[in-house]
Structures are given as structure tokens and as C-alpha cells.
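Here the structure comes first, spelled out in C-alpha cells, and everything after it is commentary.
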Amino acid sequence: FLDLSAPASNDLLAVQQMQVLGDMHTRRPDVALFVNGVPLVLMEFKQPGVPVKSAYDDNLTDYRDAIPQLFIPNALVLLSNGSEAKVGATYAPWEFFGDWKVIDAAGTRGAIALETALRGTCDPAILLDLFENFIAYLERPGGLIKNVARSHQYLGVNAAIDNLHRARAEHDKRLGVFWHTQGSGKSLSMLWFTQKVLRQVAGKWTFVMVTDRTELDIQLHGEFADAGAIPPEAKVHADSIAHLRELLAADHRYVFTLIQKFQPSKTERQMPVLSDRSDIIVITDEAHRSQYDTLALNMRTALPNASMMGFTGTPLIAGEEQATRAQFGDYVSVYNFRDAIEDGATVPLYYENRIPELQLVNANFSEELDALLEAAELDEDAEGALAREFGTQYTLLTRPERLRTIARDLVSHFVGRGFSGKAMYVGLDKAAAVRMYNLVKQAWAEHLADLRQQHDALPELERPWLASRIELMETTDMAVVVSQSQNELKMLDDQGLDIRPHRERMNREDLAE
């Protein structure tokens, strides 16, 4: 029906005010784009100054009901009032219509948003590429959900495809890093990249999808399964070290695994080669987080000829960026936090300074410290060591009284912020995290006891709010989550902290999942 390899050879037709007959109504959409008689794009326009959302509310929703046959072969919908333009999937709710940011990878933009959207989606080659490679149908409890790529996904995936061709020509195993922040649709970008490679790049490819968290592993596998990329009968989700080896020894298109499953067996002294194929592409989520330790070396030993692509939702921090580039190469696509906020894909992040910053209230601190050291009659080495120990920012930040103040504030803020949700405390190191857990637990018990006392003292009709806060506190769980390291038991024991129950819980719940 459509010649996808030679877009210009198709019969391309744009029709204005075409009459469409429904079962009970007749409608005239503003513009429909046909390729060989198939209506792939519907456009609806409003006059300048009229909100573009009215094209959705007043026209598109009506067309969906009155002339549903027009939407059966539809690829995408474009709505505009001349200056603004929104692109969305066939039956997408309004909040999933978004701007098409740029025309091409060079960042070219039109004079107005409508020109950018038209040239960025309706150029024949782009439109047929979107139609073939950038639409996904996901199984959801309410039925199929249709997704069309946004501009950063479309351009990012195609940049990665270009980089794959370059890397193969140069015998480079590094395929680059996607920095796509929260709300960017990373899983769909992975899906569209892998599916386009399978369709268009010669080779019998296998994609090893690697994460370092059980919930991410389950979510990613589920997304690909819901999209139909994995046949229902395919058992390609590694559930053990042995199962991972079975999957890699076979010829699957996809293998999903935790990086923790790249380990030698109990009878092996070192990690063996599990596959020497060169048509394996390892795609790692959160590429900067777990890629330089023993497990990562095990993975590279197991798959010595595999190519590596990284995805991350956060920018690479100083000190990690060079190591990440050494493993994965340079960025192939960047969709940062500001981009996501502008697109409405994530909410803005606001900073509230709840506790005063560290400040030196004793103007004579330096002189008094010198006098104390002089009176102690320490030698120069001991003086230097003592000054370094008590003059560091770490010591000031982790003062017990400061941490207790933070713990009390954390509890009161969490309980009284007016909604029920999660919270995270990020410590300077493992010791700070465990210490804060203990302090929050203590402050939690004190605050709960205080709320119960207040609740019992109130008249019956004034108790519901405090009762809801008490229930929140009684049902909230708290856990320490830290990565493993050598000598962590001794290091924390020396500071009077016990990480054993926390480590046991982390291991137990990882295994349970």
C-alpha cells in the first residue's frame, strides 16, 4: 500500500475541507494528508488568538464520534492556531498533545511553531518514518493505548541509528549515551530504537536490556511485552544467573536482566565468556550508576564483542562523565530537565530552604582554636590532624544536634504537608544515611505520641484531620537503601552504627521481587 523506502514515489495529496460522511453526520475537517489514498494525518486549525485547545475540544473530539472511520488508518493529528501547534496520537487526550520542538537534528526551527511542526512531521520521508517506526500500541487495563514519538524521541533514536552505522564502520563498540530525563519516555525510545534496528539494519540482532534495580527490570520488560515486541510465549526475562546464561546461549531478539546476574557460578573462579557474538547490543538503563564495578566488568567479560549503549535520566556528574564516555561514547541525544518542564512532561522542581545554612556565629573561632591547640601542647603533626578533623565541612554538616534538627523537621514536614506521598532523604554517605534513619525513627515516635495526645484532647468533630495524620504515620514504611561496598560492616561498626538489619532487608526484598 505504501512505499516506505522511496517516499517521493507515493501519491501524496493534501485535501482541504473534505466532506466525510458518517453514519448520522457529515463533517469537513480542515486538512487531511493522504499517501496513496490512505489518510495518515488530520489537521484542524483555528484563527490566531483563539486557543489551540479549542481545536481539540470543539472539533477533534466531535470528529472522533461523528466520523470514526477517518481515524482507523490515522497516524497522527496536528492542531494549530497559526502561531502555536500541537501534535498528538489519534485518540490521545489533550494533555498528551505537545509541541514539535525542532525540524531536524541541527535544531532548525520555522518562523512559527506551525512551520516547525509541519516540516518536522509532514515531510514525506519523515511522515513515513514516523508511520513505520515511531508508533507503538501498548496493552493497558482499559485497552490499547497508541503512542506517537515526540520530537526528542524521533531525532534521538535516528541519531542513535546513525551512530550505530558509524560504529560498525569504525569497529567501535560504543554506541553513545541518551540523556533523557524523567517524563521523556525512555522505555519507548528504547523500544523504537531496537525495533527500527531489527527492521532496517542488516544483522541478526540480540538486545540485552540491563538495569540495576528489580522494579526497573520488571517495568522495562513489561513495557516491551505490552507493546507486543516480545511474544507471549517467549520467556526472555532472566530470573537467575543460570537462566541468563541459557538465554544468552540461545538466539533471542531480546533478553532482560539485572546486572547483578552477571556473576560467576559457585564453582567458577572468574566470569566466563557467555557469548562471543558481535551482533549483541547491550542497552543499559541508568548507565552511570553501576557500570564501573565488578558486575560491569563481569558483563563485559561475558559479552566481549557486544556493543554498548547507555540511557540515563540524570546528567553525568563530574568524575563519572569521562568513565561513562570510555564505556559508552558521547551523548547521542539530550532531553534535559528544562526541556521536560517546558513540554509539560514533568513538574517544575522548587527548592525550599527549611533549615538555616551553616554559619559561623563565633567571630573569634580561629583564634580560640589556636589557643586551645597551644594549651594542649600538641606537636605539629597532631595539631594538623586535629585541625583537619574538626575544621572540615563534613564534621560541621554531620554534627549530631544539626542532624537531630533535620530529623525533627523532616518528620513534621512529611506528616503535615497536606498530601500523602513518598519522601527521600539523601545522605552524605552511608554512615549519614544510617544515622539519619535512627534519628528519624526516634523523632517519628515522639511526633506520633504528640499527635495522639492532641487527638484525644480534641472534641470529636475536630479529630478527623489528626486521625488521618496518625493513620499515615502508623502505615508509613521507612528503609535505608545504599549500595554495597567492601568493609562496610567494620566502617560503620567503628562509628557505632549497625547496617546489618538494613543490608539483610535490602537483600531479602531484592530476592523476594
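Ordered as shown in the C-alpha cells, chains take letters A, B, and onward, while each chain numbers its residues from 1 and ligands are numbered from 1 in the order shown.
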
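Backbone DSSP of region 118-149 of chain A yields helix (DSSP H, G or I) at Leu118, Arg119, Gly120, Thr121, Pro124, Ala125, Ile126, Leu127, Leu128, Asp129, Leu130, Phe131, Glu132 and Asn133 of chain A.
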
Residues just named, written with C-alpha atoms as a PDB file, in the first residue's frame:
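Full text of again.pdb as output:
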```
ATOM      1  CA  LEU A 118       4.635  20.802   9.574  1.00  0.00           C
ATOM      2  CA  ARG A 119       8.214  20.424   8.363  1.00  0.00           C
ATOM      3  CA  GLY A 120       9.139  18.249  11.356  1.00  0.00           C
ATOM      4  CA  THR A 121       6.330  15.710  10.878  1.00  0.00           C
ATOM      5  CA  PRO A 124       7.048  12.734   3.210  1.00  0.00           C
ATOM      6  CA  ALA A 125      10.216  10.945   4.361  1.00  0.00           C
ATOM      7  CA  ILE A 126       9.655  11.943   7.997  1.00  0.00           C
ATOM      8  CA  LEU A 127       5.946  11.098   7.939  1.00  0.00           C
ATOM      9  CA  LEU A 128       6.539   7.595   6.573  1.00  0.00           C
ATOM     10  CA  ASP A 129       9.398   7.068   9.048  1.00  0.00           C
ATOM     11  CA  LEU A 130       7.056   8.054  11.878  1.00  0.00           C
ATOM     12  CA  PHE A 131       4.370   5.779  10.459  1.00  0.00           C
ATOM     13  CA  GLU A 132       6.695   2.780  10.132  1.00  0.00           C
ATOM     14  CA  ASN A 133       8.981   3.116  13.150  1.00  0.00           C
TER      15      ASN A 133
END
```

**Report entry** Spatial neighbours of Ile218 (chain A), 12 Å, only C-alpha atoms, chain gap at least 2 places, as a count of residues only
**Finding:** 24

Query - Pick from A:Met424, A:Val38, A:Ala85, A:Met473, whichever lies nearest to Ile72 (chain A) using only C-alpha atoms - result: A:Val38

**Report entry** Residue contacts of region 303-310 of chain A (10 Å, only C-alpha atoms) excluding same-chain residues fewer than 5 positions away, as a VMD selection string
**Finding:** chain A and resid 160 164 167 to 168 171 to 179 206 to 210 248 272 to 288 291 297 to 298 324 to 325 327 to 332

Requested in this report: State, in Å with one decimal place, the distance from CA of Val197 (chain A) to CA of Tyr154 (chain A).
Outcome: 13.7 Å

Query raised in the report: Hey, can you check how far CA of Ser485 (chain A) sits from CA of Lys430 (chain A)?
Result: 9.9 Å

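Compared by their closest atoms to Arg253 (chain A), and using only C-alpha atoms, the residues A:Ile241, A:Leu33, A:Ile135, A:Ala229 rank with A:Ala229 nearest.
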
Report summary line: What separates CA of Tyr425 (chain A) and CA of Val480 (chain A) is a distance of 9.5 Å

Counting only C-alpha atoms, what is within 9 Å of region 99-116 of chain A, bar same-chain residues fewer than 5 positions away, as a compact mmCIF listing (two decimals) with C-alpha atoms, in the first residue's frame?
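Contents of the output file around12.txt:
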```txt
# COMPACT_ATOMS: atom_id res chain seq x y z
CA LEU A 79 -3.79 21.14 15.78
CA SER A 80 -2.85 24.81 15.41
CA ASN A 81 -3.98 28.42 15.62
CA GLY A 82 -1.20 29.66 13.35
CA SER A 83 1.38 30.56 15.98
CA GLU A 84 1.01 27.53 18.29
CA ALA A 85 0.92 23.95 17.07
CA LYS A 86 0.33 20.68 18.92
CA VAL A 87 0.96 17.14 17.69
CA GLY A 88 -0.58 14.02 19.20
CA THR A 121 6.33 15.71 10.88
CA ARG A 150 7.77 13.26 20.32
CA SER A 151 10.46 15.21 18.54
CA HIS A 152 13.24 14.41 21.01
CA LEU A 155 15.50 12.66 16.50
CA GLY A 156 17.29 10.84 19.33
CA ALA A 159 20.78 9.84 15.80
CA ASP A 343 6.93 20.22 27.40
```
